[in-house]
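*Asks:* One structure, as structure tokens, below. Some questions next.
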Amino acid sequence: MGKRLLIVLASLVAVAALVVGAIFFYGFVRSSVEADDAGETYSSSGARTEDDEDFGSVEIYDVLTDGSLEPAASGLTLTVWETFVRVVTPDFAAEVMSQYRVGDAPDSDTLAYVYQDDDPVFWILAANLATSENEADLVATLVHEYAHILTLTSAEMDTHAASCETIELSEGCALGDSYLFAFEQQFWSGYDETAPTPDNEDGDAAYEFYLAHEDDFVSDYAATNVVEDIAECFSAFVLEDKPSGDSVTAQKLDFFWQYPELEAIRERIRAEFEDDLGLVG
């Protein structure tokens with residue numbers, strides 16, 4: 001009788017050990033990626049995760065009204081966000097940015113991009129950690145993305161226009177006094193029908209156009225369309241010395257000096273990154 005009792009107790013202990021082990025294993029798996037009852041998944045940082053066409057699986061952070069992130073970020077994820085905030089200012093990040101999405105895609109050569117939220121007042125930043133470790137490249141890219149927001153914000157675009165006589169994009173219709181329309185009229189209106197359209201995404205066609213007009217662009221990517229051209233030129237305007245001469249690229253960088261508010265942004269960013277990037281004046 002006593003022997004049988006010992007056997008039963010031993011069996012119960014073994015079963016309990018299996019249950020505890022299963023619970024431990026399940027908990028370990030969920031610490032990496034969790035799923036709630038609604039089917040959403042979460043990373044170990046507590047951020048929601050989602051499949052992204054550009055960066056694979058991305059972590060999603062909400063931008064709070066003070067410019068901080070929910071949940072809190074760390075490591076390179078936090079470094080990229082903090083660098084972006086230094087570029088745009090904490091107030092701008094708090095007022096304009098609604099979300100920060102982070103992936104790690106070594107096979108992608110894209111460092112970051114921005115796009116409008118469903119409410120066009122707000123914007124989303126997406127960043128690729130795999131290409132974010134070089135600070136000079138990171139800052140240049142984030143200044144480029146800042147330029148997109150500055151030139152495509154709802155203050156520069158009619159987001160509800162029924163028709164458009166300036167530049168029509170997914171973000172809306174460029175206002176007649178917008179930076180983008182002024183830039184397009186000065187630098188793109190003289191091209192023939194071979195010029196990429198404002199919403200062009202065909203890289204091969206853009207590169208052919210670049211080769212035909214290489215002296216007109218600060219980079220081959222700038223020839224993608226007028227939207228990318230103004231962003232690339234703004235980044236060069238901020239991070240490079242004031243150009244001399246009257247080349248088309250020099251004229252494009254000079255374009256921004258006619259706007260005191262953009263010159264002030266240039267000086268602020270250069271002062272902010274003076275020690276990091278060795279910028280002077």
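Labels for the structure tokens follow display order: chains A, B, ..., residues from 1 in each chain, ligands from 1.
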So that I can see what lies close to stretch 175-191 of chain A, please list as JSON, numbers by chain the residues with an atom at most 7 Å from it, counting only C-alpha atoms and leaving out residues fewer than 2 positions away in the same chain.
*Replies:* {"A": [151, 156, 157, 158, 166, 167, 173, 193, 195, 226]}
*Asks:* Residues at most 8 Å from A:Leu64, counting only C-alpha atoms, excluding those fewer than 6 positions away in the same chain, as a list in words?
*Replies:*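 Selected residues are Glu70, Ala94 and Ser98 of chain A.
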*Asks:* Please, could you write that set of residues out with C-alpha atoms as a PDB file, in the first residue's frame?
*Replies:*
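The result, stored in out-v5.pdb:
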ATOM      1  CA  GLU A  70       4.906  54.746 -25.933  1.00  0.00           C
ATOM      2  CA  ALA A  94       5.091  66.373 -30.406  1.00  0.00           C
ATOM      3  CA  SER A  98       1.846  60.454 -34.558  1.00  0.00           C
TER       4      SER A  98
END
*Asks:* Between A:Phe122, A:Glu228, A:Ser132, A:Val87, which has the minimum distance to A:Ile265 (counting only C-alpha atoms)?
*Replies:*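 Smallest distance to A:Ile265 is found for A:Val87.
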*Asks:* Which is closer to A:Val139 than all the others in A:Glu263, A:Asp91, A:Asp202, A:Glu272, using only C-alpha atoms?
*Replies:*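 Among the listed residues, the smallest separation from A:Val139 belongs to A:Glu272.
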*Asks:* Could you tell me, as a PyMOL selection string, which residues of stretch 118-221 of chain A DSSP assigns to helix (DSSP H, G or I) when given the backbone?
*Replies:* chain A and resi 129-131+135-152+179-187+203-212+214-216+221
*Asks:* Output N, CA and C atoms of each residue in that selection to a file, as a CSV table (one decimal), in the first residue's frame.
*Replies:*
chain,number,residue,atom,x,y,z
A,129,LEU,N,16.8,50.0,-38.9
A,129,LEU,CA,18.0,50.0,-38.1
A,129,LEU,C,19.2,49.4,-38.8
A,130,ALA,N,19.0,48.6,-39.8
A,130,ALA,CA,20.1,47.9,-40.5
A,130,ALA,C,21.0,48.9,-41.2
A,131,THR,N,20.5,50.1,-41.5
A,131,THR,CA,21.2,51.1,-42.3
A,131,THR,C,21.4,52.4,-41.5
A,135,GLU,N,26.3,58.0,-38.5
A,135,GLU,CA,25.5,59.2,-38.0
A,135,GLU,C,25.4,60.2,-39.1
A,136,ALA,N,26.4,60.4,-40.0
A,136,ALA,CA,26.3,61.4,-41.0
A,136,ALA,C,25.2,61.1,-42.0
A,137,ASP,N,25.1,59.8,-42.4
A,137,ASP,CA,24.1,59.3,-43.3
A,137,ASP,C,22.7,59.5,-42.6
A,138,LEU,N,22.7,59.1,-41.4
A,138,LEU,CA,21.4,59.2,-40.6
A,138,LEU,C,20.9,60.6,-40.6
A,139,VAL,N,21.7,61.5,-40.2
A,139,VAL,CA,21.3,62.9,-40.1
A,139,VAL,C,20.9,63.5,-41.5
A,140,ALA,N,21.6,63.2,-42.5
A,140,ALA,CA,21.3,63.6,-43.9
A,140,ALA,C,19.9,63.1,-44.3
A,141,THR,N,19.7,61.8,-44.0
A,141,THR,CA,18.4,61.2,-44.4
A,141,THR,C,17.3,61.8,-43.6
A,142,LEU,N,17.5,62.0,-42.3
A,142,LEU,CA,16.4,62.6,-41.5
A,142,LEU,C,16.1,64.0,-41.9
A,143,VAL,N,17.1,64.8,-42.3
A,143,VAL,CA,16.9,66.1,-42.8
A,143,VAL,C,16.0,66.1,-44.0
A,144,HIS,N,16.4,65.1,-44.9
A,144,HIS,CA,15.6,64.9,-46.1
A,144,HIS,C,14.1,64.6,-45.8
A,145,GLU,N,13.9,63.7,-44.8
A,145,GLU,CA,12.5,63.4,-44.5
A,145,GLU,C,11.8,64.6,-43.8
A,146,TYR,N,12.5,65.4,-43.1
A,146,TYR,CA,12.0,66.6,-42.5
A,146,TYR,C,11.5,67.5,-43.6
A,147,ALA,N,12.3,67.6,-44.7
A,147,ALA,CA,12.0,68.4,-45.8
A,147,ALA,C,10.6,68.0,-46.4
A,148,HIS,N,10.4,66.7,-46.5
A,148,HIS,CA,9.1,66.2,-47.1
A,148,HIS,C,8.0,66.7,-46.2
A,149,ILE,N,8.1,66.6,-44.9
A,149,ILE,CA,7.0,67.1,-44.1
A,149,ILE,C,6.8,68.6,-44.2
A,150,LEU,N,7.9,69.3,-44.3
A,150,LEU,CA,7.8,70.8,-44.4
A,150,LEU,C,7.1,71.2,-45.7
A,151,THR,N,7.4,70.4,-46.8
A,151,THR,CA,6.9,70.8,-48.1
A,151,THR,C,5.6,70.2,-48.5
A,152,LEU,N,5.2,69.1,-47.7
A,152,LEU,CA,3.9,68.4,-48.0
A,152,LEU,C,2.9,68.5,-46.8
A,179,TYR,N,6.2,76.1,-51.1
A,179,TYR,CA,7.6,75.9,-51.5
A,179,TYR,C,7.7,75.0,-52.7
A,180,LEU,N,6.9,73.9,-52.7
A,180,LEU,CA,7.0,72.9,-53.7
A,180,LEU,C,6.6,73.5,-55.1
A,181,PHE,N,5.6,74.2,-55.2
A,181,PHE,CA,5.1,74.8,-56.4
A,181,PHE,C,6.1,75.8,-57.0
A,182,ALA,N,6.6,76.6,-56.0
A,182,ALA,CA,7.7,77.6,-56.5
A,182,ALA,C,8.9,76.9,-57.0
A,183,PHE,N,9.3,75.9,-56.3
A,183,PHE,CA,10.5,75.1,-56.8
A,183,PHE,C,10.2,74.5,-58.1
A,184,GLU,N,9.1,73.9,-58.3
A,184,GLU,CA,8.7,73.2,-59.5
A,184,GLU,C,8.7,74.2,-60.7
A,185,GLN,N,8.1,75.4,-60.5
A,185,GLN,CA,8.0,76.4,-61.5
A,185,GLN,C,9.4,76.9,-61.9
A,186,GLN,N,10.3,77.0,-61.0
A,186,GLN,CA,11.6,77.5,-61.3
A,186,GLN,C,12.5,76.5,-61.9
A,187,PHE,N,12.4,75.2,-61.5
A,187,PHE,CA,13.4,74.2,-61.9
A,187,PHE,C,12.9,73.0,-62.8
A,203,GLY,N,12.4,54.0,-60.8
A,203,GLY,CA,13.8,54.4,-60.6
A,203,GLY,C,14.6,54.3,-61.9
A,204,ASP,N,14.3,53.4,-62.7
A,204,ASP,CA,15.0,53.3,-64.0
A,204,ASP,C,14.8,54.5,-64.9
A,205,ALA,N,13.5,54.9,-65.0
A,205,ALA,CA,13.2,56.1,-65.8
A,205,ALA,C,13.8,57.4,-65.2
A,206,ALA,N,13.8,57.4,-63.9
A,206,ALA,CA,14.5,58.6,-63.2
A,206,ALA,C,16.0,58.6,-63.4
A,207,TYR,N,16.6,57.5,-63.4
A,207,TYR,CA,18.0,57.4,-63.6
A,207,TYR,C,18.4,57.8,-65.1
A,208,GLU,N,17.6,57.4,-66.0
A,208,GLU,CA,17.8,57.8,-67.4
A,208,GLU,C,17.7,59.3,-67.5
A,209,PHE,N,16.7,59.9,-66.8
A,209,PHE,CA,16.5,61.3,-66.9
A,209,PHE,C,17.7,62.0,-66.2
A,210,TYR,N,18.2,61.4,-65.1
A,210,TYR,CA,19.3,62.0,-64.4
A,210,TYR,C,20.6,62.0,-65.3
A,211,LEU,N,20.8,60.9,-66.1
A,211,LEU,CA,22.0,60.9,-66.9
A,211,LEU,C,21.9,61.9,-68.0
A,212,ALA,N,20.7,62.3,-68.5
A,212,ALA,CA,20.5,63.3,-69.5
A,212,ALA,C,20.6,64.7,-69.0
A,214,GLU,N,22.5,65.5,-65.8
A,214,GLU,CA,23.2,65.2,-64.6
A,214,GLU,C,23.6,66.4,-63.8
A,215,ASP,N,23.9,67.5,-64.5
A,215,ASP,CA,24.4,68.8,-63.9
A,215,ASP,C,23.3,69.5,-63.1
A,216,ASP,N,22.0,69.1,-63.3
A,216,ASP,CA,20.9,69.7,-62.7
A,216,ASP,C,20.5,69.2,-61.4
A,221,TYR,N,19.2,60.3,-57.1
A,221,TYR,CA,17.9,60.1,-56.5
A,221,TYR,C,17.0,61.4,-56.6
*Asks:* What residues in stretch 97-257 of chain A get the DSSP label strand (DSSP E)? Please answer as a JSON list (two decimals) with N, CA and C atoms, in the first residue's frame.
*Replies:*
[["chain", "number", "residue", "atom", "x", "y", "z"],
["A", 97, "MET", "N", 4.15, 64.54, -35.34],
["A", 97, "MET", "CA", 4.38, 63.11, -35.52],
["A", 97, "MET", "C", 3.39, 62.30, -34.67],
["A", 98, "SER", "N", 2.80, 61.30, -35.28],
["A", 98, "SER", "CA", 1.85, 60.45, -34.56],
["A", 98, "SER", "C", 2.39, 59.07, -34.27],
["A", 99, "GLN", "N", 3.38, 58.63, -35.07],
["A", 99, "GLN", "CA", 3.84, 57.24, -34.93],
["A", 99, "GLN", "C", 5.26, 57.10, -35.44],
["A", 100, "TYR", "N", 5.96, 56.14, -34.86],
["A", 100, "TYR", "CA", 7.35, 55.81, -35.23],
["A", 100, "TYR", "C", 7.40, 54.31, -35.43],
["A", 101, "ARG", "N", 7.80, 53.89, -36.62],
["A", 101, "ARG", "CA", 7.83, 52.46, -36.97],
["A", 101, "ARG", "C", 9.27, 52.06, -37.25],
["A", 102, "VAL", "N", 9.70, 50.94, -36.68],
["A", 102, "VAL", "CA", 11.11, 50.55, -36.75],
["A", 102, "VAL", "C", 11.24, 49.11, -37.23],
["A", 103, "GLY", "N", 12.03, 48.92, -38.28],
["A", 103, "GLY", "CA", 12.34, 47.59, -38.76],
["A", 103, "GLY", "C", 13.85, 47.38, -38.79],
["A", 112, "ALA", "N", 15.19, 55.46, -44.15],
["A", 112, "ALA", "CA", 13.98, 55.94, -43.49],
["A", 112, "ALA", "C", 13.04, 56.55, -44.52],
["A", 113, "TYR", "N", 11.79, 56.70, -44.15],
["A", 113, "TYR", "CA", 10.84, 57.44, -44.97],
["A", 113, "TYR", "C", 9.72, 57.94, -44.07],
["A", 114, "VAL", "N", 8.98, 58.93, -44.56],
["A", 114, "VAL", "CA", 7.84, 59.47, -43.83],
["A", 114, "VAL", "C", 6.61, 59.41, -44.73],
["A", 115, "TYR", "N", 5.46, 59.37, -44.10],
["A", 115, "TYR", "CA", 4.21, 59.45, -44.86],
["A", 115, "TYR", "C", 3.12, 59.98, -43.96],
["A", 116, "GLN", "N", 2.08, 60.54, -44.59],
["A", 116, "GLN", "CA", 0.97, 61.10, -43.84],
["A", 116, "GLN", "C", 0.17, 60.02, -43.14],
["A", 123, "TRP", "N", 2.03, 62.90, -39.18],
["A", 123, "TRP", "CA", 2.96, 62.14, -40.02],
["A", 123, "TRP", "C", 3.55, 60.97, -39.25],
["A", 124, "ILE", "N", 4.04, 59.99, -40.01],
["A", 124, "ILE", "CA", 4.64, 58.77, -39.46],
["A", 124, "ILE", "C", 6.06, 58.65, -39.99],
["A", 125, "LEU", "N", 6.99, 58.36, -39.10],
["A", 125, "LEU", "CA", 8.37, 58.09, -39.49],
["A", 125, "LEU", "C", 8.63, 56.60, -39.42],
["A", 126, "ALA", "N", 9.20, 56.03, -40.49],
["A", 126, "ALA", "CA", 9.62, 54.63, -40.50],
["A", 126, "ALA", "C", 11.12, 54.59, -40.70],
["A", 127, "ALA", "N", 11.81, 53.79, -39.89],
["A", 127, "ALA", "CA", 13.28, 53.74, -39.95],
["A", 127, "ALA", "C", 13.77, 52.30, -40.02],
["A", 128, "ASN", "N", 14.90, 52.11, -40.69],
["A", 128, "ASN", "CA", 15.52, 50.81, -40.85],
["A", 128, "ASN", "C", 16.80, 50.77, -40.03],
["A", 157, "MET", "N", -0.38, 72.17, -48.59],
["A", 157, "MET", "CA", -1.20, 71.42, -49.55],
["A", 157, "MET", "C", -2.68, 71.57, -49.23],
["A", 158, "ASP", "N", -3.49, 71.62, -50.27],
["A", 158, "ASP", "CA", -4.94, 71.53, -50.09],
["A", 158, "ASP", "C", -5.28, 70.04, -50.13],
["A", 168, "GLU", "N", -0.42, 67.92, -58.28],
["A", 168, "GLU", "CA", -1.33, 67.00, -57.60],
["A", 168, "GLU", "C", -0.58, 65.75, -57.14],
["A", 169, "LEU", "N", -0.68, 65.48, -55.84],
["A", 169, "LEU", "CA", -0.02, 64.33, -55.23],
["A", 169, "LEU", "C", -1.01, 63.60, -54.35],
["A", 172, "GLY", "N", -2.23, 65.72, -51.60],
["A", 172, "GLY", "CA", -3.15, 66.81, -51.91],
["A", 172, "GLY", "C", -2.65, 67.62, -53.09],
["A", 173, "CYS", "N", -3.18, 68.85, -53.19],
["A", 173, "CYS", "CA", -2.83, 69.76, -54.27],
["A", 173, "CYS", "C", -1.96, 70.87, -53.70],
["A", 174, "ALA", "N", -0.78, 71.07, -54.28],
["A", 174, "ALA", "CA", 0.13, 72.10, -53.77],
["A", 174, "ALA", "C", -0.51, 73.48, -53.88]]
*Asks:* Check the smallest atom-to-atom distance from each of A:Thr65, A:Ser45, A:Trp257, A:Ala161 to A:Thr77 using only C-alpha atoms, then report the winner.
*Replies:*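 Counting only C-alpha atoms, the residue closest to A:Thr77 is A:Ser45.
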